[in-house]
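Student: Quick one: the structure is below, questions incoming.
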Amino acid sequence: MAKAFFRLQKFLRRTQFLLFFLTAAYLMAGSLLLLQRTHLVIQQGSRGTSTSQALPMLDRVAGVGIVDPRTLQSPRPGPGLLVGMDTLQEPALDQQLSPQWLMSRNSELRQLRRRWLHRFTSDPEPVQAVGFKAMKHTAEHTGTYMGCFSDDSQERTLKGAVFYDLRKMTVSHCQEACAERAYIYAGLAYGAECYCGNRLPATASKPEDCNSECKGQKGSVCGGVNRLSVYRVEDLRAGARRRRNAIYRGCFRAPENLTDTFPASLTQPNLTVEVCSEFCSKKEFPLAVIRGQECYCGYPTGRFPLHDGADGRLCRAVPDTSSTAGGEYCLVYQTPVQDTRCTDRKFLTTKSKVFVALSSFPGAGNTWARHLIEHATGYYTGSYYFDGALYNKGFKGEKDHWRSRRTICVKTHESGKTEIEMFDSAILLIRNPYKALMAEFNRKYAGHLGYAADRAWKSKEWPEFVNSYASWWASHVLDWLKYGKRLLVVHYEELKQSLIPKLREMVEFLNVTVTEDRLLCVENNRDGNFKRTGAKQKDFEPFTQEMKDLINRYILTVDEALRGRNFTGLPREYVPR
């Protein structure tokens with residue numbers, strides 16, 4: 001018995017020793033692998049930020065649409081001259097520098113940059129509710145509860161503004177948002193969606209149908225599936241700021257038949273802008289139109305698109321008189337009411353046969369373009385990444401797998417042959433690199449809607465950021481021009497200036513048919529919730545002369561590549577700077 005026990009003890013000791021040895025070997029191998037990868041990343045990072053990160057000087061600029069005057073004033077010899085951040089270097093004679101060299105050299109940095117990008121897109125943003133300022137969550141329901149009402153995506157019960165916060169929605173958030181925009185009622189659905197309006201149906205649903213808990217407030221009910229928990233917020237507590245101010249849109253020629261163009265009207269002596277705006281807000285219309293003593297409410301339509309403004313002197317400054325001139329022209333104001341004709345969105349009912357990318361360099365306006373596309377087509381857009389902040393703001397395609405083909409297009413900042421050839425076609429969005437670099441740096445330090453602090457711009461990271469990301473801006477475009485199968489090139493500046501023509505071109509490329517009124521609705525909601533808030537520095541110039549020289553060379557190379565593929569070159573405003 002003792003001998004058997006001794007053998008068992010000896011076996012267990014050997015087993016312990018064997019397990020210890022295997023564990024040590026595993027940890028040692030992992031440590032060596034980690035050290036090797038770290039060394040590789042350091043080498044790649046040092047190559048990416050060295051003075052070799054530059055473009056060849058273009059010998060001839062005759063075929064290029066944008067020419068840097070400094071290049072013509074002080075020509076430099078040699079086709080292989082490099083423009084670096086600090087010094088100029090002459091490469092070996094057999095080294096041929098070209099856009100292909102730029103794409104090849106940047107491929108070694110792509111993985112490192114992708115990790116940076118994923119790191120920052122996954123960082124939480126400063127807490128901010130959708131469409132209105134972040135407020136303190138309270139358990140108090142300051143509005144009067146009106147009941148549970150049915151709701152349908154095709155025919156909304158509350159037809160005013162729509163907000164989302166898929167993580168932190170509360171009853172108080174929704175009430176404050178609707179009260180600020182002059183609405184009478186606030187309704188919550190699905191625990192995370194907020195709807196505003198001024199009219200309710202005569203009959204309510206069963207109280208137990210509203211059974212969804214608020215995402216940001218445990219114990220509170222925020223509607224249900226196709227059900228709204230509705231509160232009356234007209235008597236909101238004192239101190240809540242109401243945005244009842246109407247925004248002047250301009251003076252326009254009145255349509256021939258106003259009663260057919262506008263569904264609601266009011267005639268009143270001594271009519272004021274405030275009275276007309278309040279009347280149209282209660283009727284849930286985004287436009288208040290004044291002609292003499294007459295007030296009309298409606299939407300931008302094909303009959304009244306608000307595109308060709310007239311001289312303001314043609315409109316009467318005092319609206320209580322009517323004359324021949326006053327009958328031909330009218331004053332137009334934007335009420336606090338949101339145009340909701342284009343806010344309904346859904347996933348594709350069948351998988352898309354064409355896999356379309358919405359590709360851009362970070363900071364080039366991809367999120368804004370997604371907002372425009374979703375509201376124009378009525379379908380969600382997807383994303384190669386997952387950004388929780390965007391999902392919380394209503395981009396439901398963020399959580400859908402990017403290869404599901406249930407979205408109209410997929411956001412991506414990727415480049416490289418493999419990543420590009422996965423897509424059948426792509427909308428390539430290009431923005432001025434100076435603006436794009438600043439926008440991405442702001443996002444990195446202050447989220448999608450904030451501005452980076454002064455200390456960030458003055459830190460050593462800003463020059464390193466420009467040195468690395470400027471070449472990425474160029475190589476991103478060059479890669480898509482080289483490997484993209486079917487491309488629509490859209491310049492951010494042209495989209496901003498001529499929204500409807502460019503957006504119509506994008507929608508047609510996506511093979512979706514939309515009405516003119518829907519495009520006008522998108523134009524009326526063009527900014528969405530994507531304007532940066534906070535104090536913007538005036539005449540702020542963070543770029544040094546060395547940075548400008550580097551970026552301008554990249555601009556010239558990209559411009560030449562675009563023209564080489566029979567696309568329109570870069571807008572002339574890009575350089576000189």
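Going through the structure tokens in order, the chains are called A, B, and so on, while each chain numbers its residues from 1 and the ligands are numbered from 1 in the order shown.
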Apply DSSP to the structure's backbone, then extract all residues of region 152-316 of chain A labelled strand (DSSP E or B) and return them as a ChimeraX atom specification.

Tutor: /A:162-164,185-189,193-197,213-214,217-221,224,227-232,247-253,264-267,287-291,294-298,309-310

Student: Would you pick out the contacts of Lys206 (chain A) at 12 Å or less, using only C-alpha atoms, so that residues sharing its chain but fewer than 4 positions from it are not included, and give the list as a PyMOL selection string?

Tutor: chain A and resi 147-150+210-211+223-224+227-229

Student: Quick one: write out the picked residues with C-alpha atoms as a tab-separated table (two decimals), in the first residue's frame?

Tutor:
chain	number	residue	atom	x	y	z
A	147	GLY	CA	-51.33	58.14	-21.97
A	148	CYS	CA	-50.09	55.41	-24.30
A	149	PHE	CA	-50.79	55.93	-28.01
A	150	SER	CA	-50.25	53.79	-31.09
A	210	CYS	CA	-46.24	50.90	-23.21
A	211	ASN	CA	-43.81	48.55	-21.47
A	223	GLY	CA	-43.23	53.62	-24.84
A	224	GLY	CA	-43.10	50.22	-26.49
A	227	ARG	CA	-46.40	52.62	-28.93
A	228	LEU	CA	-45.71	56.11	-27.56
A	229	SER	CA	-45.68	57.25	-23.94

Student: Find the spatial neighbours of Cys196 (chain A), counting only C-alpha atoms, within a cut-off of 12 Å - ignore same-chain residues fewer than 4 positions away - and output them as a compact mmCIF listing (two decimals) with all heavy atoms, in the first residue's frame.

Tutor:
# COMPACT_ATOMS: atom_id res chain seq x y z
N ARG A 156 -46.84 58.70 -38.57
CA ARG A 156 -46.45 59.03 -37.20
C ARG A 156 -47.58 59.73 -36.45
O ARG A 156 -48.29 60.58 -37.00
CB ARG A 156 -45.22 59.94 -37.20
CG ARG A 156 -43.95 59.27 -37.69
CD ARG A 156 -43.50 58.19 -36.74
NE ARG A 156 -42.27 57.54 -37.17
CZ ARG A 156 -41.80 56.42 -36.63
NH1 ARG A 156 -42.47 55.81 -35.67
NH2 ARG A 156 -40.68 55.89 -37.07
N THR A 157 -47.68 59.37 -35.17
CA THR A 157 -48.67 60.04 -34.32
C THR A 157 -48.24 61.46 -34.01
O THR A 157 -49.04 62.39 -34.08
CB THR A 157 -48.85 59.24 -33.00
OG1 THR A 157 -49.32 57.93 -33.33
CG2 THR A 157 -49.84 59.93 -32.08
N LEU A 158 -46.98 61.63 -33.68
CA LEU A 158 -46.40 62.96 -33.46
C LEU A 158 -45.50 63.26 -34.64
O LEU A 158 -44.47 62.62 -34.83
CB LEU A 158 -45.62 62.99 -32.14
CG LEU A 158 -46.44 62.74 -30.88
CD1 LEU A 158 -45.55 62.76 -29.64
CD2 LEU A 158 -47.55 63.78 -30.73
N LYS A 159 -45.87 64.25 -35.43
CA LYS A 159 -45.23 64.49 -36.72
C LYS A 159 -44.14 65.57 -36.67
O LYS A 159 -43.73 66.07 -37.71
CB LYS A 159 -46.29 64.87 -37.74
CG LYS A 159 -47.31 63.77 -38.00
CD LYS A 159 -48.34 64.21 -39.01
CE LYS A 159 -49.29 63.07 -39.38
NZ LYS A 159 -50.01 62.52 -38.25
N GLY A 160 -43.70 65.92 -35.49
CA GLY A 160 -42.67 66.95 -35.38
C GLY A 160 -41.28 66.37 -35.41
O GLY A 160 -40.98 65.43 -36.14
N ALA A 161 -40.40 66.93 -34.57
CA ALA A 161 -38.99 66.53 -34.56
C ALA A 161 -38.81 65.10 -34.04
O ALA A 161 -39.64 64.58 -33.29
CB ALA A 161 -38.18 67.50 -33.72
N VAL A 162 -37.70 64.48 -34.45
CA VAL A 162 -37.37 63.12 -34.04
C VAL A 162 -35.94 63.12 -33.50
O VAL A 162 -35.04 63.69 -34.11
CB VAL A 162 -37.46 62.14 -35.23
CG1 VAL A 162 -37.14 60.73 -34.78
CG2 VAL A 162 -38.83 62.22 -35.87
N PHE A 163 -35.73 62.48 -32.33
CA PHE A 163 -34.40 62.38 -31.73
C PHE A 163 -34.16 60.94 -31.29
O PHE A 163 -35.10 60.21 -30.99
CB PHE A 163 -34.27 63.31 -30.52
CG PHE A 163 -34.62 64.74 -30.81
CD1 PHE A 163 -35.84 65.26 -30.39
CD2 PHE A 163 -33.75 65.55 -31.49
CE1 PHE A 163 -36.17 66.56 -30.67
CE2 PHE A 163 -34.07 66.86 -31.77
CZ PHE A 163 -35.29 67.38 -31.36
N TYR A 164 -32.88 60.59 -31.23
CA TYR A 164 -32.51 59.25 -30.77
C TYR A 164 -31.41 59.38 -29.72
O TYR A 164 -30.55 60.23 -29.80
CB TYR A 164 -31.96 58.40 -31.93
CG TYR A 164 -32.93 58.18 -33.06
CD1 TYR A 164 -32.93 59.03 -34.17
CD2 TYR A 164 -33.83 57.13 -33.06
CE1 TYR A 164 -33.80 58.84 -35.22
CE2 TYR A 164 -34.70 56.92 -34.11
CZ TYR A 164 -34.69 57.78 -35.19
OH TYR A 164 -35.55 57.59 -36.22
N HIS A 173 -35.06 64.01 -20.82
CA HIS A 173 -34.36 64.39 -22.05
C HIS A 173 -35.36 64.72 -23.15
O HIS A 173 -35.26 65.74 -23.83
CB HIS A 173 -33.46 63.25 -22.52
CG HIS A 173 -32.07 63.31 -21.97
ND1 HIS A 173 -31.24 64.39 -22.14
CD2 HIS A 173 -31.35 62.40 -21.27
CE1 HIS A 173 -30.08 64.15 -21.57
NE2 HIS A 173 -30.12 62.95 -21.03
N CYS A 174 -36.29 63.81 -23.37
CA CYS A 174 -37.26 63.97 -24.45
C CYS A 174 -38.16 65.19 -24.20
O CYS A 174 -38.42 65.97 -25.12
CB CYS A 174 -38.09 62.70 -24.58
SG CYS A 174 -39.25 62.71 -25.97
N GLN A 175 -38.61 65.36 -22.97
CA GLN A 175 -39.48 66.50 -22.66
C GLN A 175 -38.77 67.83 -22.91
O GLN A 175 -39.33 68.74 -23.52
CB GLN A 175 -39.92 66.42 -21.20
CG GLN A 175 -40.90 65.31 -20.91
CD GLN A 175 -41.27 65.24 -19.43
OE1 GLN A 175 -40.69 65.93 -18.61
NE2 GLN A 175 -42.23 64.41 -19.11
N GLU A 176 -37.54 67.93 -22.45
CA GLU A 176 -36.79 69.17 -22.63
C GLU A 176 -36.53 69.45 -24.10
O GLU A 176 -36.62 70.59 -24.56
CB GLU A 176 -35.45 69.09 -21.88
CG GLU A 176 -35.58 69.02 -20.36
CD GLU A 176 -35.97 70.36 -19.75
OE1 GLU A 176 -36.05 71.34 -20.51
OE2 GLU A 176 -36.18 70.42 -18.54
N ALA A 177 -36.20 68.40 -24.86
CA ALA A 177 -35.91 68.59 -26.28
C ALA A 177 -37.13 69.11 -27.03
O ALA A 177 -37.02 70.02 -27.86
CB ALA A 177 -35.46 67.27 -26.89
N CYS A 178 -38.30 68.55 -26.75
CA CYS A 178 -39.51 68.99 -27.44
C CYS A 178 -39.94 70.38 -26.97
O CYS A 178 -40.40 71.20 -27.78
CB CYS A 178 -40.64 67.98 -27.21
SG CYS A 178 -40.34 66.36 -27.95
N ALA A 179 -39.79 70.67 -25.69
CA ALA A 179 -40.16 71.99 -25.18
C ALA A 179 -39.28 73.08 -25.77
O ALA A 179 -39.74 74.17 -26.09
CB ALA A 179 -40.07 72.01 -23.65
N GLU A 180 -37.98 72.78 -25.94
CA GLU A 180 -37.07 73.77 -26.52
C GLU A 180 -37.45 74.12 -27.95
O GLU A 180 -37.17 75.22 -28.42
CB GLU A 180 -35.63 73.24 -26.51
CG GLU A 180 -34.95 73.32 -25.16
CD GLU A 180 -33.49 72.89 -25.24
OE1 GLU A 180 -33.11 72.35 -26.30
OE2 GLU A 180 -32.77 73.12 -24.28
N ARG A 181 -38.10 73.20 -28.63
CA ARG A 181 -38.48 73.42 -30.03
C ARG A 181 -39.94 73.78 -30.18
O ARG A 181 -40.51 73.66 -31.27
CB ARG A 181 -38.13 72.17 -30.84
CG ARG A 181 -36.65 72.08 -31.09
CD ARG A 181 -36.19 70.68 -31.34
NE ARG A 181 -34.76 70.66 -31.61
CZ ARG A 181 -33.80 70.75 -30.68
NH1 ARG A 181 -34.16 70.84 -29.40
NH2 ARG A 181 -32.53 70.76 -30.99
N ALA A 182 -40.54 74.25 -29.12
CA ALA A 182 -41.88 74.84 -29.14
C ALA A 182 -43.00 73.83 -29.35
O ALA A 182 -44.11 74.21 -29.71
CB ALA A 182 -41.96 75.93 -30.22
N TYR A 183 -42.73 72.54 -29.13
CA TYR A 183 -43.79 71.55 -29.27
C TYR A 183 -44.60 71.43 -27.99
O TYR A 183 -44.11 71.71 -26.89
CB TYR A 183 -43.20 70.20 -29.64
CG TYR A 183 -42.63 70.14 -31.04
CD1 TYR A 183 -41.26 70.17 -31.26
CD2 TYR A 183 -43.48 70.06 -32.14
CE1 TYR A 183 -40.74 70.12 -32.54
CE2 TYR A 183 -42.97 70.01 -33.43
CZ TYR A 183 -41.60 70.05 -33.62
OH TYR A 183 -41.10 70.00 -34.89
N ILE A 184 -45.81 70.93 -28.14
CA ILE A 184 -46.71 70.76 -26.99
C ILE A 184 -46.54 69.37 -26.38
O ILE A 184 -46.58 69.21 -25.16
CB ILE A 184 -48.18 70.98 -27.40
CG1 ILE A 184 -48.37 72.42 -27.90
CG2 ILE A 184 -49.12 70.70 -26.24
CD1 ILE A 184 -49.77 72.68 -28.46
N TYR A 185 -46.32 68.36 -27.22
CA TYR A 185 -46.26 66.99 -26.73
C TYR A 185 -44.89 66.36 -27.01
O TYR A 185 -44.24 66.65 -28.01
CB TYR A 185 -47.34 66.13 -27.40
CG TYR A 185 -48.75 66.61 -27.14
CD1 TYR A 185 -49.48 67.24 -28.15
CD2 TYR A 185 -49.33 66.44 -25.89
CE1 TYR A 185 -50.77 67.70 -27.91
CE2 TYR A 185 -50.63 66.89 -25.65
CZ TYR A 185 -51.34 67.51 -26.65
OH TYR A 185 -52.61 67.96 -26.41
N ALA A 186 -44.49 65.48 -26.09
CA ALA A 186 -43.27 64.68 -26.23
C ALA A 186 -43.65 63.22 -26.05
O ALA A 186 -44.30 62.86 -25.06
CB ALA A 186 -42.23 65.09 -25.20
N GLY A 187 -43.25 62.39 -27.00
CA GLY A 187 -43.57 60.97 -26.93
C GLY A 187 -42.33 60.11 -27.04
O GLY A 187 -41.41 60.44 -27.79
N LEU A 188 -42.29 59.01 -26.29
CA LEU A 188 -41.14 58.11 -26.30
C LEU A 188 -41.56 56.72 -26.75
O LEU A 188 -42.63 56.24 -26.37
CB LEU A 188 -40.50 58.04 -24.91
CG LEU A 188 -39.95 59.35 -24.37
CD1 LEU A 188 -40.89 59.91 -23.30
CD2 LEU A 188 -38.56 59.18 -23.79
N ALA A 189 -40.69 56.08 -27.55
CA ALA A 189 -40.97 54.74 -28.07
C ALA A 189 -39.70 53.90 -28.05
O ALA A 189 -38.59 54.43 -28.09
CB ALA A 189 -41.51 54.83 -29.49
N LEU A 200 -52.65 65.24 -30.98
CA LEU A 200 -52.79 63.84 -30.57
C LEU A 200 -54.08 63.26 -31.14
O LEU A 200 -55.06 63.98 -31.34
CB LEU A 200 -52.83 63.72 -29.04
CG LEU A 200 -51.52 63.78 -28.28
CD1 LEU A 200 -51.80 63.68 -26.78
CD2 LEU A 200 -50.58 62.67 -28.71
N LEU A 228 -46.31 54.88 -28.08
CA LEU A 228 -45.71 56.11 -27.56
C LEU A 228 -46.23 56.41 -26.16
O LEU A 228 -47.45 56.40 -25.93
CB LEU A 228 -46.04 57.30 -28.46
CG LEU A 228 -45.33 57.45 -29.80
CD1 LEU A 228 -45.93 58.63 -30.56
CD2 LEU A 228 -43.84 57.66 -29.60
N SER A 229 -45.31 56.67 -25.23
CA SER A 229 -45.68 57.25 -23.94
C SER A 229 -45.63 58.76 -24.12
O SER A 229 -44.56 59.33 -24.34
CB SER A 229 -44.70 56.82 -22.85
OG SER A 229 -44.73 55.42 -22.66
N VAL A 230 -46.78 59.41 -24.05
CA VAL A 230 -46.88 60.82 -24.43
C VAL A 230 -47.06 61.70 -23.19
O VAL A 230 -47.85 61.40 -22.29
CB VAL A 230 -48.05 61.04 -25.41
CG1 VAL A 230 -48.16 62.51 -25.80
CG2 VAL A 230 -47.85 60.17 -26.66
N TYR A 231 -46.29 62.82 -23.18
CA TYR A 231 -46.36 63.82 -22.12
C TYR A 231 -46.68 65.17 -22.73
O TYR A 231 -46.21 65.51 -23.82
CB TYR A 231 -45.04 63.92 -21.35
CG TYR A 231 -44.68 62.67 -20.58
CD1 TYR A 231 -44.04 61.61 -21.21
CD2 TYR A 231 -44.97 62.56 -19.23
CE1 TYR A 231 -43.70 60.47 -20.51
CE2 TYR A 231 -44.64 61.42 -18.52
CZ TYR A 231 -44.01 60.37 -19.16
OH TYR A 231 -43.68 59.24 -18.46
N ARG A 232 -47.47 65.95 -22.01
CA ARG A 232 -47.71 67.33 -22.40
C ARG A 232 -46.66 68.19 -21.72
O ARG A 232 -46.53 68.17 -20.49
CB ARG A 232 -49.12 67.77 -21.98
CG ARG A 232 -49.51 69.17 -22.47
CD ARG A 232 -50.92 69.54 -22.02
NE ARG A 232 -51.30 70.85 -22.53
CZ ARG A 232 -51.93 71.08 -23.66
NH1 ARG A 232 -52.26 70.05 -24.42
NH2 ARG A 232 -52.24 72.30 -24.05
N VAL A 233 -45.90 68.94 -22.49
CA VAL A 233 -44.76 69.69 -21.94
C VAL A 233 -44.95 71.20 -22.08
O VAL A 233 -44.01 71.96 -21.91
CB VAL A 233 -43.46 69.27 -22.63
CG1 VAL A 233 -43.15 67.82 -22.34
CG2 VAL A 233 -43.53 69.51 -24.14
N GLU A 234 -46.15 71.65 -22.38
CA GLU A 234 -46.37 73.08 -22.59
C GLU A 234 -46.10 73.87 -21.31
O GLU A 234 -45.63 75.01 -21.35
CB GLU A 234 -47.80 73.32 -23.07
CG GLU A 234 -48.02 74.68 -23.67
CD GLU A 234 -49.41 74.81 -24.28
OE1 GLU A 234 -50.36 74.19 -23.75
OE2 GLU A 234 -49.52 75.52 -25.28
N SER A 281 -45.92 76.81 -36.31
CA SER A 281 -45.34 75.80 -35.41
C SER A 281 -46.43 74.92 -34.84
O SER A 281 -46.27 73.69 -34.75
CB SER A 281 -44.57 76.49 -34.29
OG SER A 281 -43.44 77.16 -34.78
N LYS A 282 -47.55 75.50 -34.45
CA LYS A 282 -48.64 74.71 -33.90
C LYS A 282 -49.26 73.80 -34.96
O LYS A 282 -49.78 72.73 -34.65
CB LYS A 282 -49.70 75.63 -33.30
CG LYS A 282 -49.25 76.30 -32.00
CD LYS A 282 -50.36 77.13 -31.39
CE LYS A 282 -49.90 77.74 -30.07
NZ LYS A 282 -50.97 78.57 -29.45
N GLU A 284 -47.43 72.43 -37.16
CA GLU A 284 -46.34 71.49 -37.43
C GLU A 284 -45.78 71.63 -38.85
O GLU A 284 -45.51 70.65 -39.54
CB GLU A 284 -46.79 70.04 -37.18
CG GLU A 284 -47.16 69.78 -35.74
CD GLU A 284 -47.59 68.34 -35.49
OE1 GLU A 284 -47.95 67.65 -36.46
OE2 GLU A 284 -47.56 67.91 -34.33
N PRO A 336 -39.26 76.56 -35.59
CA PRO A 336 -38.53 75.53 -34.83
C PRO A 336 -38.92 74.10 -35.18
O PRO A 336 -38.29 73.16 -34.71
CB PRO A 336 -38.90 75.86 -33.38
CG PRO A 336 -39.38 77.27 -33.38
CD PRO A 336 -40.02 77.47 -34.71
N VAL A 337 -39.95 73.93 -36.01
CA VAL A 337 -40.44 72.59 -36.35
C VAL A 337 -39.51 71.94 -37.37
O VAL A 337 -39.08 72.57 -38.34
CB VAL A 337 -41.87 72.68 -36.90
CG1 VAL A 337 -42.35 71.30 -37.36
CG2 VAL A 337 -42.81 73.22 -35.84
N GLN A 338 -39.22 70.67 -37.16
CA GLN A 338 -38.36 69.91 -38.07
C GLN A 338 -39.17 69.39 -39.25
O GLN A 338 -40.30 68.95 -39.10
CB GLN A 338 -37.72 68.74 -37.33
CG GLN A 338 -36.77 67.90 -38.17
CD GLN A 338 -36.21 66.73 -37.39
OE1 GLN A 338 -36.59 66.49 -36.25
NE2 GLN A 338 -35.30 65.99 -38.00
N ASP A 339 -38.57 69.43 -40.43
CA ASP A 339 -39.18 68.84 -41.62
C ASP A 339 -38.99 67.33 -41.54
O ASP A 339 -37.89 66.81 -41.66
CB ASP A 339 -38.50 69.40 -42.88
CG ASP A 339 -39.27 69.04 -44.16
OD1 ASP A 339 -40.08 68.10 -44.11
OD2 ASP A 339 -39.04 69.70 -45.19
N THR A 340 -40.07 66.60 -41.32
CA THR A 340 -39.99 65.16 -41.07
C THR A 340 -40.42 64.32 -42.27
O THR A 340 -40.63 63.12 -42.14
CB THR A 340 -40.87 64.78 -39.86
OG1 THR A 340 -42.23 65.21 -40.12
CG2 THR A 340 -40.37 65.44 -38.60

Student: Would you pick out the contacts of Val489 (chain A) at 12 Å or less, using only C-alpha atoms, so that residues sharing its chain but fewer than 3 positions from it are not included, and give the list as a PyMOL selection string?

Tutor: chain A and resi 357-360+425-431+477+480-481+484+486+492+494-495+502+505-506+509+562-563+565-570

Student: Apply DSSP to the backbone of this structure and, from region 347-423 of chain A, keep only the residues in alpha helix (DSSP H); write these as a CSV table (one decimal) with N, CA and C atoms, in the first residue's frame.

Tutor:
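File part.csv, as written:
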chain,number,residue,atom,x,y,z
A,366,ASN,N,-17.6,62.0,-44.0
A,366,ASN,CA,-18.3,60.7,-44.2
A,366,ASN,C,-19.6,60.6,-43.5
A,367,THR,N,-19.6,61.0,-42.2
A,367,THR,CA,-20.8,60.9,-41.4
A,367,THR,C,-21.9,61.8,-41.9
A,368,TRP,N,-21.5,63.0,-42.3
A,368,TRP,CA,-22.5,64.0,-42.9
A,368,TRP,C,-23.0,63.4,-44.2
A,369,ALA,N,-22.2,62.8,-45.0
A,369,ALA,CA,-22.7,62.2,-46.3
A,369,ALA,C,-23.6,61.1,-46.0
A,370,ARG,N,-23.4,60.3,-44.9
A,370,ARG,CA,-24.3,59.2,-44.5
A,370,ARG,C,-25.6,59.8,-44.1
A,371,HIS,N,-25.6,60.9,-43.4
A,371,HIS,CA,-26.9,61.5,-43.0
A,371,HIS,C,-27.7,61.9,-44.2
A,372,LEU,N,-27.0,62.5,-45.2
A,372,LEU,CA,-27.7,62.9,-46.4
A,372,LEU,C,-28.3,61.7,-47.2
A,373,ILE,N,-27.5,60.7,-47.3
A,373,ILE,CA,-27.9,59.5,-48.1
A,373,ILE,C,-29.0,58.8,-47.4
A,374,GLU,N,-28.9,58.6,-46.1
A,374,GLU,CA,-30.0,57.9,-45.4
A,374,GLU,C,-31.3,58.7,-45.5
A,375,HIS,N,-31.3,60.0,-45.4
A,375,HIS,CA,-32.6,60.7,-45.4
A,375,HIS,C,-33.1,60.9,-46.9
A,376,ALA,N,-32.2,60.8,-47.9
A,376,ALA,CA,-32.6,60.9,-49.2
A,376,ALA,C,-33.2,59.6,-49.7
A,377,THR,N,-32.6,58.5,-49.4
A,377,THR,CA,-33.0,57.2,-49.9
A,377,THR,C,-34.0,56.5,-48.9
A,388,GLY,N,-20.0,53.5,-31.3
A,388,GLY,CA,-21.1,53.5,-30.4
A,388,GLY,C,-21.8,54.9,-30.4
A,389,ALA,N,-21.0,56.0,-30.5
A,389,ALA,CA,-21.6,57.3,-30.4
A,389,ALA,C,-22.5,57.5,-31.6
A,390,LEU,N,-22.1,57.1,-32.8
A,390,LEU,CA,-23.0,57.3,-33.9
A,390,LEU,C,-24.2,56.4,-33.9
A,391,TYR,N,-24.1,55.2,-33.3
A,391,TYR,CA,-25.2,54.3,-33.2
A,391,TYR,C,-26.2,54.9,-32.2
A,392,ASN,N,-25.7,55.5,-31.2
A,392,ASN,CA,-26.6,56.2,-30.2
A,392,ASN,C,-27.4,57.4,-30.8
A,417,LYS,N,-5.4,47.1,-51.9
A,417,LYS,CA,-6.0,46.3,-53.0
A,417,LYS,C,-7.1,45.4,-52.4
A,418,THR,N,-6.7,44.6,-51.4
A,418,THR,CA,-7.7,43.6,-50.8
A,418,THR,C,-8.9,44.3,-50.3
A,419,GLU,N,-8.8,45.4,-49.5
A,419,GLU,CA,-9.9,46.0,-48.9
A,419,GLU,C,-10.8,46.7,-50.0
A,420,ILE,N,-10.2,47.2,-51.0
A,420,ILE,CA,-11.0,47.9,-52.1
A,420,ILE,C,-11.7,46.9,-53.0
A,421,GLU,N,-11.1,45.8,-53.4
A,421,GLU,CA,-11.7,44.9,-54.3
A,421,GLU,C,-12.8,44.1,-53.7

Student: From the list A:Gly528, A:Gly382, A:His491, A:Trp462, which residue is nearest Arg572 (chain A) when using only C-alpha atoms?

Tutor: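 Closest residue, counting only C-alpha atoms: A:His491.
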